[in-house]
>>> print(open('start_7.cif').read())   # mmCIF, C-alpha atoms and all ligand atoms
data_my_file
#
loop_
_atom_site.label_atom_id
_atom_site.label_comp_id
_atom_site.auth_asym_id
_atom_site.auth_seq_id
_atom_site.Cartn_x
_atom_site.Cartn_y
_atom_site.Cartn_z
CA MET U 1 4.45 -73.99 -35.90
CA SER U 2 4.64 -77.35 -34.19
CA LYS U 3 2.25 -78.63 -31.58
CA LYS U 4 5.12 -79.66 -29.35
CA VAL U 5 4.59 -78.11 -25.96
CA LEU U 6 7.68 -76.16 -24.89
CA LEU U 7 6.29 -74.57 -21.76
CA GLU U 8 3.46 -75.67 -19.55
CA VAL U 9 2.02 -73.54 -16.77
CA LYS U 10 -0.24 -75.62 -14.56
CA ASN U 11 -2.44 -74.11 -11.85
CA VAL U 12 0.21 -71.56 -11.01
CA LYS U 13 -0.37 -69.11 -8.18
CA GLN U 14 1.83 -66.25 -7.11
CA HIS U 15 0.55 -64.67 -3.93
CA PHE U 16 2.48 -61.89 -2.21
CA ARG U 17 2.11 -61.35 1.50
CA ILE U 18 2.11 -57.61 2.11
CA ASP U 19 1.50 -57.70 5.86
CA ARG U 20 -0.20 -59.93 8.39
CA LYS U 21 -3.65 -59.22 6.97
CA THR U 22 -3.03 -58.59 3.29
CA ILE U 23 -2.19 -61.01 0.53
CA VAL U 24 -2.04 -59.85 -3.08
CA LYS U 25 -3.10 -62.63 -5.40
CA ALA U 26 -1.03 -61.34 -8.34
CA VAL U 27 -1.43 -64.63 -10.21
CA ASP U 28 -4.24 -66.84 -9.11
CA ASP U 29 -4.42 -70.33 -10.53
CA ILE U 30 -3.65 -70.00 -14.21
CA SER U 31 -2.95 -72.76 -16.72
CA PHE U 32 -1.75 -72.57 -20.32
CA GLU U 33 0.72 -74.10 -22.73
CA ILE U 34 3.12 -72.52 -25.17
CA TYR U 35 4.08 -74.46 -28.28
CA GLU U 36 7.57 -74.56 -29.68
CA GLY U 37 8.11 -71.82 -32.26
CA GLU U 38 4.94 -69.84 -31.54
CA THR U 39 4.30 -66.39 -30.19
CA PHE U 40 1.95 -66.52 -27.25
CA GLY U 41 0.50 -63.11 -26.44
CA LEU U 42 -0.49 -62.32 -22.87
CA VAL U 43 -2.68 -59.25 -22.54
CA GLY U 44 -4.49 -57.46 -19.77
CA GLU U 45 -4.55 -54.01 -18.23
CA SER U 46 -1.86 -52.83 -15.84
CA GLY U 47 -1.86 -54.78 -12.58
CA SER U 48 -3.49 -57.91 -13.99
CA GLY U 49 -0.48 -60.10 -13.19
CA LYS U 50 1.27 -60.39 -16.56
CA SER U 51 4.78 -59.47 -15.41
CA THR U 52 4.44 -61.63 -12.32
CA THR U 53 3.51 -64.54 -14.59
CA GLY U 54 6.66 -63.94 -16.66
CA ARG U 55 8.88 -63.59 -13.61
CA THR U 56 7.46 -66.72 -12.05
CA ILE U 57 8.09 -68.71 -15.24
CA ILE U 58 11.73 -67.59 -15.38
CA ARG U 59 12.10 -68.35 -11.66
CA LEU U 60 12.71 -64.85 -10.40
CA TYR U 61 10.05 -65.92 -7.90
CA ASP U 62 9.22 -69.27 -6.36
CA PRO U 63 5.59 -69.96 -7.26
CA THR U 64 3.17 -70.09 -4.33
CA ASP U 65 1.55 -73.12 -5.92
CA GLY U 66 1.35 -75.00 -9.20
CA GLU U 67 3.91 -76.24 -11.66
CA VAL U 68 5.89 -74.92 -14.59
CA THR U 69 7.36 -77.40 -17.02
CA PHE U 70 9.91 -76.30 -19.62
CA ASP U 71 11.11 -78.71 -22.26
CA GLY U 72 9.81 -81.56 -20.12
CA LYS U 73 11.63 -80.42 -16.98
CA ASN U 74 9.80 -79.29 -13.86
CA ILE U 75 11.43 -75.90 -13.34
CA SER U 76 9.16 -74.81 -10.49
CA ALA U 77 10.39 -77.38 -7.99
CA LYS U 78 11.21 -75.85 -4.60
CA LYS U 79 14.78 -76.96 -4.94
CA LEU U 80 15.95 -76.77 -8.53
CA THR U 81 18.84 -79.06 -9.32
CA LYS U 82 21.99 -77.31 -10.45
CA GLU U 83 21.53 -78.75 -13.94
CA ASP U 84 17.92 -77.56 -14.22
CA ARG U 85 18.83 -74.09 -12.96
CA ALA U 86 21.62 -73.91 -15.54
CA TYR U 87 19.19 -75.10 -18.20
CA VAL U 88 16.71 -72.34 -17.37
CA ASN U 89 19.45 -69.71 -17.32
CA LYS U 90 20.77 -70.84 -20.65
CA ASN U 91 17.47 -71.26 -22.46
CA MET U 92 15.15 -68.53 -21.15
CA GLN U 93 15.76 -64.83 -21.49
CA MET U 94 13.68 -61.78 -20.76
CA ILE U 95 13.44 -58.43 -22.53
CA PHE U 96 11.76 -55.49 -20.89
CA GLN U 97 9.70 -52.40 -21.57
CA ASP U 98 12.41 -50.03 -20.48
CA PRO U 99 15.76 -51.36 -21.62
CA MET U 100 17.47 -48.52 -19.74
CA ALA U 101 16.39 -50.08 -16.48
CA CYS U 102 18.22 -53.31 -17.24
CA LEU U 103 21.20 -51.97 -19.17
CA ASN U 104 23.97 -51.01 -16.77
CA PRO U 105 24.76 -47.36 -17.65
CA ARG U 106 28.43 -47.78 -16.77
CA MET U 107 28.97 -50.77 -19.05
CA THR U 108 29.78 -50.52 -22.74
CA VAL U 109 27.32 -52.04 -25.17
CA SER U 110 29.90 -54.70 -25.90
CA ASP U 111 30.14 -55.77 -22.25
CA ILE U 112 26.35 -55.64 -21.86
CA ILE U 113 25.79 -57.91 -24.83
CA ALA U 114 28.61 -60.26 -23.88
CA GLU U 115 27.57 -60.62 -20.23
CA GLY U 116 25.74 -63.89 -20.84
CA LEU U 117 28.57 -65.15 -23.04
CA ASP U 118 31.01 -64.46 -20.21
CA ILE U 119 28.84 -66.05 -17.53
CA HIS U 120 28.34 -69.20 -19.57
CA GLY U 121 31.93 -69.26 -20.85
CA LEU U 122 30.75 -69.38 -24.45
CA CYS U 123 33.71 -67.61 -26.06
CA LYS U 124 37.14 -69.18 -26.08
CA THR U 125 39.18 -66.10 -26.93
CA LYS U 126 38.82 -62.34 -26.70
CA GLU U 127 38.69 -62.18 -30.48
CA ASP U 128 35.83 -64.72 -30.54
CA ARG U 129 33.96 -62.56 -28.07
CA THR U 130 34.47 -59.39 -30.10
CA GLN U 131 33.38 -61.09 -33.29
CA ARG U 132 30.30 -62.55 -31.61
CA VAL U 133 29.32 -59.12 -30.27
CA TYR U 134 29.73 -57.60 -33.75
CA GLU U 135 27.62 -60.36 -35.23
CA LEU U 136 24.88 -59.80 -32.65
CA LEU U 137 24.93 -56.04 -33.28
CA ARG U 138 24.46 -56.65 -36.99
CA THR U 139 21.70 -59.16 -36.32
CA VAL U 140 19.66 -56.52 -34.49
CA GLY U 141 20.34 -53.79 -37.06
CA LEU U 142 23.18 -51.98 -35.25
CA ASN U 143 26.86 -51.94 -36.20
CA GLU U 144 30.38 -52.48 -34.92
CA GLN U 145 30.91 -48.83 -34.03
CA HIS U 146 28.18 -49.14 -31.44
CA ALA U 147 30.11 -51.72 -29.41
CA SER U 148 32.25 -49.27 -27.46
CA ARG U 149 29.45 -46.82 -26.64
CA TYR U 150 27.26 -46.54 -23.55
CA PRO U 151 23.47 -47.04 -23.30
CA HIS U 152 22.65 -43.33 -22.82
CA GLU U 153 24.06 -42.58 -26.28
CA PHE U 154 21.20 -44.46 -27.94
CA SER U 155 17.54 -43.82 -28.73
CA GLY U 156 14.77 -45.88 -27.15
CA GLY U 157 14.42 -48.11 -30.19
CA GLN U 158 18.17 -48.70 -30.39
CA ARG U 159 18.32 -49.50 -26.69
CA GLN U 160 15.61 -52.09 -27.20
CA ARG U 161 17.77 -53.58 -29.97
CA ILE U 162 20.67 -53.78 -27.51
CA GLY U 163 18.38 -55.52 -25.03
CA ILE U 164 17.39 -57.99 -27.73
CA ALA U 165 21.02 -58.63 -28.73
CA ARG U 166 21.84 -59.26 -25.09
CA ALA U 167 18.98 -61.77 -24.79
CA LEU U 168 19.99 -63.51 -28.01
CA ALA U 169 23.68 -63.83 -27.14
CA ILE U 170 23.43 -67.18 -25.41
CA GLU U 171 21.02 -68.58 -28.02
CA PRO U 172 18.04 -69.25 -25.79
CA LYS U 173 15.01 -71.25 -26.93
CA PHE U 174 12.45 -69.07 -25.23
CA ILE U 175 12.15 -65.32 -24.76
CA ILE U 176 9.76 -63.53 -22.46
CA ALA U 177 9.19 -60.05 -23.89
CA ASP U 178 7.53 -57.95 -21.19
CA GLU U 179 5.90 -55.01 -23.00
CA PRO U 180 8.99 -54.57 -25.19
CA ILE U 181 7.40 -51.92 -27.41
CA SER U 182 5.07 -50.09 -25.00
CA ALA U 183 7.57 -47.27 -24.37
CA LEU U 184 8.45 -46.76 -28.04
CA ASP U 185 7.03 -44.41 -30.69
CA VAL U 186 4.49 -46.12 -32.92
CA SER U 187 6.81 -45.95 -35.96
CA ILE U 188 9.60 -47.62 -33.99
CA GLN U 189 7.24 -50.23 -32.51
CA ALA U 190 6.72 -51.83 -35.92
CA GLN U 191 10.48 -51.98 -36.52
CA VAL U 192 11.13 -53.77 -33.25
CA VAL U 193 8.23 -56.15 -33.84
CA ASN U 194 9.52 -56.94 -37.33
CA LEU U 195 12.96 -57.60 -35.91
CA LEU U 196 11.53 -59.97 -33.30
CA ARG U 197 9.59 -61.83 -36.00
CA LYS U 198 12.64 -62.13 -38.24
CA LEU U 199 14.70 -63.50 -35.35
CA GLN U 200 11.96 -65.97 -34.57
CA THR U 201 11.95 -67.37 -38.10
CA GLU U 202 15.72 -67.50 -38.31
CA ASN U 203 16.34 -69.03 -34.91
CA GLY U 204 13.17 -71.01 -34.22
CA LEU U 205 12.52 -68.94 -31.11
CA THR U 206 9.43 -69.20 -28.95
CA TYR U 207 8.01 -66.00 -27.45
CA LEU U 208 5.81 -65.06 -24.58
CA PHE U 209 4.84 -61.54 -25.64
CA ILE U 210 3.27 -59.43 -22.91
CA ALA U 211 1.23 -56.32 -23.71
CA HIS U 212 -1.46 -54.20 -22.05
CA ASP U 213 -3.63 -53.85 -25.13
CA LEU U 214 -4.56 -55.97 -28.08
CA SER U 215 -3.64 -53.65 -30.96
CA MET U 216 -0.16 -55.00 -31.79
CA VAL U 217 -0.55 -58.41 -30.19
CA LYS U 218 -3.21 -59.25 -32.74
CA TYR U 219 -0.65 -59.17 -35.55
CA ILE U 220 2.20 -60.94 -33.88
CA SER U 221 0.61 -63.68 -31.79
CA ASP U 222 -0.41 -67.15 -32.85
CA ARG U 223 -2.46 -67.55 -29.70
CA ILE U 224 -3.48 -65.07 -27.05
CA GLY U 225 -4.30 -65.34 -23.37
CA VAL U 226 -6.33 -62.59 -21.75
CA MET U 227 -5.62 -61.88 -18.12
CA ASN U 228 -7.67 -59.98 -15.58
CA LYS U 229 -6.98 -59.66 -11.85
CA GLY U 230 -4.60 -62.60 -11.68
CA LYS U 231 -6.85 -64.93 -13.68
CA LEU U 232 -6.77 -66.02 -17.28
CA VAL U 233 -10.28 -65.26 -18.51
CA GLU U 234 -9.98 -66.35 -22.14
CA LEU U 235 -7.47 -68.05 -24.44
CA ALA U 236 -7.71 -68.81 -28.15
CA THR U 237 -5.88 -68.45 -31.43
CA ALA U 238 -5.55 -64.80 -32.43
CA ASP U 239 -8.15 -65.21 -35.20
CA GLU U 240 -10.65 -67.00 -32.99
CA LEU U 241 -10.29 -64.41 -30.24
CA TYR U 242 -11.02 -61.59 -32.69
CA GLU U 243 -13.86 -63.32 -34.44
CA ASN U 244 -15.55 -64.94 -31.47
CA PRO U 245 -14.61 -63.16 -28.27
CA LEU U 246 -16.79 -64.42 -25.44
CA HIS U 247 -15.63 -62.95 -22.16
CA PRO U 248 -16.87 -59.40 -21.57
CA TYR U 249 -13.35 -58.38 -20.56
CA THR U 250 -11.96 -59.57 -23.91
CA LYS U 251 -14.74 -57.70 -25.67
CA SER U 252 -13.87 -54.54 -23.78
CA LEU U 253 -10.17 -54.84 -24.72
CA LEU U 254 -11.10 -55.40 -28.36
CA SER U 255 -13.40 -52.39 -28.37
CA ALA U 256 -10.48 -50.25 -27.18
CA ILE U 257 -8.34 -50.88 -30.27
CA PRO U 258 -8.23 -47.66 -32.29
CA LEU U 259 -9.34 -48.00 -35.90
CA PRO U 260 -7.19 -46.60 -38.71
CA ASP U 261 -10.19 -45.13 -40.55
CA PRO U 262 -11.36 -41.85 -38.93
CA ASP U 263 -15.00 -42.40 -40.00
CA TYR U 264 -15.10 -45.78 -38.36
CA GLU U 265 -13.20 -44.36 -35.43
CA LYS U 266 -16.02 -41.88 -34.77
CA GLY U 267 -18.53 -44.71 -34.67
CA ARG U 268 -16.45 -46.90 -32.41
CA THR U 269 -18.23 -47.81 -29.22
CA ARG U 270 -16.21 -48.76 -26.25
CA ILE U 271 -17.53 -51.64 -24.22
CA LYS U 272 -17.10 -51.06 -20.51
CA TYR U 273 -16.15 -53.93 -18.27
CA ASP U 274 -16.99 -54.25 -14.62
CA SER U 275 -16.01 -57.43 -12.80
CA LYS U 276 -19.12 -56.97 -10.64
CA MET U 277 -21.16 -58.19 -13.59
CA HIS U 278 -20.20 -61.74 -12.63
CA ASP U 279 -22.08 -63.29 -9.77
CA TYR U 280 -19.84 -66.05 -8.52
CA SER U 281 -21.39 -66.22 -5.04
CA ARG U 282 -23.39 -69.36 -5.81
CA GLU U 283 -21.60 -70.84 -8.81
CA THR U 284 -17.87 -71.44 -8.81
CA PRO U 285 -16.35 -70.33 -12.11
CA GLN U 286 -14.27 -72.81 -14.09
CA TRP U 287 -11.68 -72.73 -16.85
CA VAL U 288 -13.10 -74.81 -19.70
CA GLU U 289 -12.34 -75.54 -23.35
CA ILE U 290 -15.58 -74.42 -24.99
CA ARG U 291 -14.36 -75.12 -28.56
CA PRO U 292 -11.15 -76.92 -29.50
CA GLY U 293 -8.35 -74.58 -28.43
CA HIS U 294 -10.74 -71.89 -27.17
CA PHE U 295 -10.72 -71.63 -23.38
CA ILE U 296 -12.96 -69.46 -21.26
CA TYR U 297 -13.42 -68.73 -17.57
CA GLY U 298 -16.98 -68.64 -16.32
CA SER U 299 -19.74 -70.01 -14.14
CA LYS U 300 -22.16 -72.67 -15.37
CA SER U 301 -24.80 -70.13 -16.40
CA GLU U 302 -22.23 -67.91 -18.12
CA LEU U 303 -20.83 -70.91 -20.00
CA ASP U 304 -24.37 -71.80 -21.15
CA GLN U 305 -24.74 -68.24 -22.41
CA TYR U 306 -21.38 -68.37 -24.24
CA GLU U 307 -22.43 -71.68 -25.81
CA ILE U 308 -25.64 -70.07 -27.15
CA GLU U 309 -23.64 -67.11 -28.44
CA LEU U 310 -21.25 -69.38 -30.37
CA THR U 311 -23.99 -71.64 -31.73
CA THR U 312 -26.05 -68.67 -32.93
CA LYS U 313 -23.01 -67.31 -34.76
CA GLU U 314 -22.27 -70.67 -36.33
CA ILE U 315 -25.86 -70.95 -37.60
CA THR U 316 -25.96 -67.45 -39.07
CA ILE U 317 -22.66 -68.06 -40.90
P1 LIG U 401 1.03 -56.32 -14.80
O1 LIG U 401 2.37 -56.73 -15.30
O2 LIG U 401 -0.10 -57.01 -15.49
O3 LIG U 401 0.85 -54.83 -14.81
P2 LIG U 401 2.02 -57.21 -12.22
O4 LIG U 401 2.32 -58.64 -12.42
O5 LIG U 401 3.17 -56.28 -12.27
O6 LIG U 401 0.90 -56.76 -13.27
O7 LIG U 401 1.28 -56.99 -10.83
C1 LIG U 401 0.12 -57.69 -10.46
C2 LIG U 401 -0.25 -57.31 -9.05
O8 LIG U 401 0.70 -57.82 -8.13
C3 LIG U 401 -0.30 -55.81 -8.80
O9 LIG U 401 -1.35 -55.56 -7.90
C4 LIG U 401 1.04 -55.53 -8.17
O10 LIG U 401 0.98 -54.40 -7.34
C5 LIG U 401 1.31 -56.79 -7.37
N1 LIG U 401 2.73 -57.12 -7.25
C6 LIG U 401 3.59 -57.36 -8.27
N2 LIG U 401 4.81 -57.68 -7.81
C7 LIG U 401 4.72 -57.65 -6.46
C8 LIG U 401 5.67 -57.87 -5.38
N3 LIG U 401 6.93 -58.23 -5.64
N4 LIG U 401 5.21 -57.73 -4.13
C9 LIG U 401 3.93 -57.39 -3.88
N5 LIG U 401 3.00 -57.17 -4.81
C10 LIG U 401 3.38 -57.27 -6.09
MG MG U 402 3.89 -55.54 -16.19
#
>>> encode(input="start_7.cif", output="structure tokens", more="lines below")
Ligand code: ADP
Ligand code: MG
Amino acid sequence: MSKKVLLEVKNVKQHFRIDRKTIVKAVDDISFEIYEGETFGLVGESGSGKSTTGRTIIRLYDPTDGEVTFDGKNISAKKLTKEDRAYVNKNMQMIFQDPMACLNPRMTVSDIIAEGLDIHGLCKTKEDRTQRVYELLRTVGLNEQHASRYPHEFSGGQRQRIGIARALAIEPKFIIADEPISALDVSIQAQVVNLLRKLQTENGLTYLFIAHDLSMVKYISDRIGVMNKGKLVELATADELYENPLHPYTKSLLSAIPLPDPDYEKGRTRIKYDSKMHDYSRETPQWVEIRPGHFIYGSKSELDQYEIELTTKEITI
């Protein structure tokens, strides 16, 4: 994995006005970077702003504030140039939790997969197009016979493979996978994850992988950002986050991961999180790098406490 920054999210806010009095701060001033070739996991319970973050990055929404840079281009500008818009469309793709929702039921698998190819005029002849579709089907573990069928004829796992083939068709650099395995059986989850990893190695892809719990993300992410109520509360490499979690919300997510051993499972204690445990009335919380690459959101006194926690651990090791 390189340290070349592919995507930079800088102080991004996405606020939705519901009515005259209500604004939902779905994403509220978050900053992070994604390196070329890595998998960046974004976790947090439902409603924490993960999907909104993904949609804002891919410009389904105009951000309320802040900046998103992709491959050195500012792609959050109010008025995107035609070239930059085309660049985003060509190089960023999204895959979703429920592929059924984004696969047109009246289109054949072939037309679904080739949609991007058609839009971008990437196939010169009909035969080229057919061959490319076949190739993509094979890449995701399906076959040529599947090309003429319709989405409802497939299982959930196969539909997710179709969604992946569709995203891959135009050879993007960056894929936002929004809970791509949450709706699948556990046995199928591993297959889809393995496929995504294989494709990453073969094509040098970069992923933003969104999930609501840490169990699978732990294995697939290089770095992980933890989101709660529109804020990033902690960010670190996967190993660092598991070994030295600091934020109580991260600790609570970690304590919720089921353990494979039933004896351990009985002894597992869940840590409860309540955002009221932070008193930010007198101290404004900040997003700071407490150790190289380990970021944490907290007030001055919380940060002091986290510092003691880390130092104590370092001494005892
Ligand atoms: P997550 O993906 O983590 O479950 P979302 O990004 O979907 O969270 O939603 C974050 C918050 O923003 C939720 O409170 C949700 O209801 C709200 N929200 C999301 N999209 C919109 C929208 N288009 N308009 C208004 N509120 C929205
Ligand atoms: Mg979501």
>>> residues_near_ligand(input="start_7.cif", ligand="ligand LIG 401 (chain U)", cutoff="9 Å", atoms="all atoms listed in the file", output="PyMOL selection string")
chain U and resi 14-18+23-27+43-55+61+178-179+210-212+227-230
>>> atom_distance(input="start_7.cif", atom1="CA of Leu168 (chain U)", atom2="CA of Lys198 (chain U)")
12.7 Å
>>> residues_around(input="start_7.cif", residues="Gly37 (chain U)", least_positions_apart="5", cutoff="12 Å", atoms="all atoms listed in the file", output="VMD selection string")
chain U and resid 1 to 7 173 to 175 197 199 to 208 221 to 223
>>> atom_distance(input="start_7.cif", atom1="CA of Val140 (chain U)", atom2="CA of Ile257 (chain U)")
28.9 Å
>>> closest_residue(input="start_7.cif", among="U:Pro245, U:Gly225, U:Gly121, U:Gly298", to="Ser275 (chain U)", atoms="all atoms listed in the file")
U:Gly298
>>> atom_distance(input="start_7.cif", atom1="CA of Asp213 (chain U)", atom2="CA of Arg268 (chain U)")
16.3 Å
>>> closest_residue(input="start_7.cif", among="U:Phe96, U:Leu232, U:Glu314, U:Ala169", to="ligand MG 402 (chain U)", atoms="only C-alpha atoms and all ligand atoms")
U:Phe96
>>> build_atoms(input="start_7.cif", residues="region 307-317 of chain U", atoms="all heavy atoms", output="PDB file, in the frame of the given file")
ATOM      1  N   GLU U 307     -22.129 -70.581 -24.877  1.00  0.00           N
ATOM      2  CA  GLU U 307     -22.430 -71.680 -25.810  1.00  0.00           C
ATOM      3  C   GLU U 307     -23.514 -71.226 -26.796  1.00  0.00           C
ATOM      4  O   GLU U 307     -23.391 -71.413 -28.008  1.00  0.00           O
ATOM      5  CB  GLU U 307     -22.872 -72.918 -25.006  1.00  0.00           C
ATOM      6  CG  GLU U 307     -23.107 -74.168 -25.827  1.00  0.00           C
ATOM      7  CD  GLU U 307     -21.870 -74.629 -26.599  1.00  0.00           C
ATOM      8  OE1 GLU U 307     -20.789 -74.741 -26.003  1.00  0.00           O
ATOM      9  OE2 GLU U 307     -22.033 -74.860 -27.804  1.00  0.00           O
ATOM     10  N   ILE U 308     -24.551 -70.574 -26.281  1.00  0.00           N
ATOM     11  CA  ILE U 308     -25.640 -70.070 -27.150  1.00  0.00           C
ATOM     12  C   ILE U 308     -25.084 -69.046 -28.137  1.00  0.00           C
ATOM     13  O   ILE U 308     -25.372 -69.086 -29.332  1.00  0.00           O
ATOM     14  CB  ILE U 308     -26.772 -69.437 -26.295  1.00  0.00           C
ATOM     15  CG1 ILE U 308     -27.471 -70.530 -25.470  1.00  0.00           C
ATOM     16  CG2 ILE U 308     -27.765 -68.676 -27.155  1.00  0.00           C
ATOM     17  CD1 ILE U 308     -28.418 -70.003 -24.398  1.00  0.00           C
ATOM     18  N   GLU U 309     -24.230 -68.153 -27.596  1.00  0.00           N
ATOM     19  CA  GLU U 309     -23.640 -67.110 -28.440  1.00  0.00           C
ATOM     20  C   GLU U 309     -22.865 -67.720 -29.617  1.00  0.00           C
ATOM     21  O   GLU U 309     -23.019 -67.299 -30.763  1.00  0.00           O
ATOM     22  CB  GLU U 309     -22.686 -66.293 -27.559  1.00  0.00           C
ATOM     23  CG  GLU U 309     -22.491 -64.863 -28.015  1.00  0.00           C
ATOM     24  CD  GLU U 309     -21.643 -64.083 -26.999  1.00  0.00           C
ATOM     25  OE1 GLU U 309     -21.917 -64.170 -25.771  1.00  0.00           O
ATOM     26  OE2 GLU U 309     -20.717 -63.393 -27.446  1.00  0.00           O
ATOM     27  N   LEU U 310     -22.053 -68.736 -29.316  1.00  0.00           N
ATOM     28  CA  LEU U 310     -21.250 -69.380 -30.370  1.00  0.00           C
ATOM     29  C   LEU U 310     -22.133 -70.113 -31.365  1.00  0.00           C
ATOM     30  O   LEU U 310     -21.948 -70.010 -32.574  1.00  0.00           O
ATOM     31  CB  LEU U 310     -20.263 -70.371 -29.742  1.00  0.00           C
ATOM     32  CG  LEU U 310     -18.997 -69.792 -29.118  1.00  0.00           C
ATOM     33  CD1 LEU U 310     -18.163 -70.908 -28.498  1.00  0.00           C
ATOM     34  CD2 LEU U 310     -18.165 -69.043 -30.162  1.00  0.00           C
ATOM     35  N   THR U 311     -23.118 -70.852 -30.859  1.00  0.00           N
ATOM     36  CA  THR U 311     -23.990 -71.640 -31.730  1.00  0.00           C
ATOM     37  C   THR U 311     -24.783 -70.722 -32.654  1.00  0.00           C
ATOM     38  O   THR U 311     -24.896 -70.983 -33.846  1.00  0.00           O
ATOM     39  CB  THR U 311     -24.957 -72.503 -30.882  1.00  0.00           C
ATOM     40  OG1 THR U 311     -24.180 -73.144 -29.871  1.00  0.00           O
ATOM     41  CG2 THR U 311     -25.649 -73.542 -31.719  1.00  0.00           C
ATOM     42  N   THR U 312     -25.294 -69.622 -32.109  1.00  0.00           N
ATOM     43  CA  THR U 312     -26.050 -68.670 -32.930  1.00  0.00           C
ATOM     44  C   THR U 312     -25.180 -68.146 -34.057  1.00  0.00           C
ATOM     45  O   THR U 312     -25.619 -68.074 -35.201  1.00  0.00           O
ATOM     46  CB  THR U 312     -26.516 -67.471 -32.065  1.00  0.00           C
ATOM     47  OG1 THR U 312     -26.996 -67.981 -30.825  1.00  0.00           O
ATOM     48  CG2 THR U 312     -27.615 -66.679 -32.751  1.00  0.00           C
ATOM     49  N   LYS U 313     -23.930 -67.801 -33.724  1.00  0.00           N
ATOM     50  CA  LYS U 313     -23.010 -67.310 -34.760  1.00  0.00           C
ATOM     51  C   LYS U 313     -22.767 -68.359 -35.816  1.00  0.00           C
ATOM     52  O   LYS U 313     -22.750 -68.062 -37.009  1.00  0.00           O
ATOM     53  CB  LYS U 313     -21.663 -66.940 -34.123  1.00  0.00           C
ATOM     54  CG  LYS U 313     -21.566 -65.489 -33.744  1.00  0.00           C
ATOM     55  CD  LYS U 313     -20.117 -65.146 -33.475  1.00  0.00           C
ATOM     56  CE  LYS U 313     -19.964 -63.692 -33.078  1.00  0.00           C
ATOM     57  NZ  LYS U 313     -18.652 -63.389 -32.560  1.00  0.00           N
ATOM     58  N   GLU U 314     -22.558 -69.589 -35.380  1.00  0.00           N
ATOM     59  CA  GLU U 314     -22.270 -70.670 -36.330  1.00  0.00           C
ATOM     60  C   GLU U 314     -23.449 -70.891 -37.280  1.00  0.00           C
ATOM     61  O   GLU U 314     -23.268 -71.107 -38.467  1.00  0.00           O
ATOM     62  CB  GLU U 314     -21.963 -71.980 -35.582  1.00  0.00           C
ATOM     63  CG  GLU U 314     -20.544 -72.005 -35.024  1.00  0.00           C
ATOM     64  CD  GLU U 314     -20.333 -72.988 -33.878  1.00  0.00           C
ATOM     65  OE1 GLU U 314     -21.263 -73.767 -33.572  1.00  0.00           O
ATOM     66  OE2 GLU U 314     -19.240 -72.982 -33.302  1.00  0.00           O
ATOM     67  N   ILE U 315     -24.666 -70.756 -36.754  1.00  0.00           N
ATOM     68  CA  ILE U 315     -25.860 -70.950 -37.600  1.00  0.00           C
ATOM     69  C   ILE U 315     -25.984 -69.820 -38.620  1.00  0.00           C
ATOM     70  O   ILE U 315     -26.212 -70.038 -39.798  1.00  0.00           O
ATOM     71  CB  ILE U 315     -27.139 -71.063 -36.742  1.00  0.00           C
ATOM     72  CG1 ILE U 315     -27.083 -72.367 -35.923  1.00  0.00           C
ATOM     73  CG2 ILE U 315     -28.388 -71.036 -37.599  1.00  0.00           C
ATOM     74  CD1 ILE U 315     -28.111 -72.461 -34.823  1.00  0.00           C
ATOM     75  N   THR U 316     -25.788 -68.582 -38.153  1.00  0.00           N
ATOM     76  CA  THR U 316     -25.960 -67.450 -39.070  1.00  0.00           C
ATOM     77  C   THR U 316     -24.884 -67.402 -40.153  1.00  0.00           C
ATOM     78  O   THR U 316     -25.110 -66.878 -41.224  1.00  0.00           O
ATOM     79  CB  THR U 316     -25.993 -66.091 -38.314  1.00  0.00           C
ATOM     80  OG1 THR U 316     -24.921 -66.102 -37.374  1.00  0.00           O
ATOM     81  CG2 THR U 316     -27.301 -65.879 -37.602  1.00  0.00           C
ATOM     82  N   ILE U 317     -23.713 -67.978 -39.863  1.00  0.00           N
ATOM     83  CA  ILE U 317     -22.660 -68.060 -40.900  1.00  0.00           C
ATOM     84  C   ILE U 317     -22.959 -69.215 -41.816  1.00  0.00           C
ATOM     85  O   ILE U 317     -23.412 -69.256 -42.828  1.00  0.00           O
ATOM     86  CB  ILE U 317     -21.257 -68.310 -40.271  1.00  0.00           C
ATOM     87  CG1 ILE U 317     -20.810 -67.081 -39.487  1.00  0.00           C
ATOM     88  CG2 ILE U 317     -20.218 -68.586 -41.370  1.00  0.00           C
ATOM     89  CD1 ILE U 317     -19.659 -67.336 -38.543  1.00  0.00           C
TER      90      ILE U 317
END
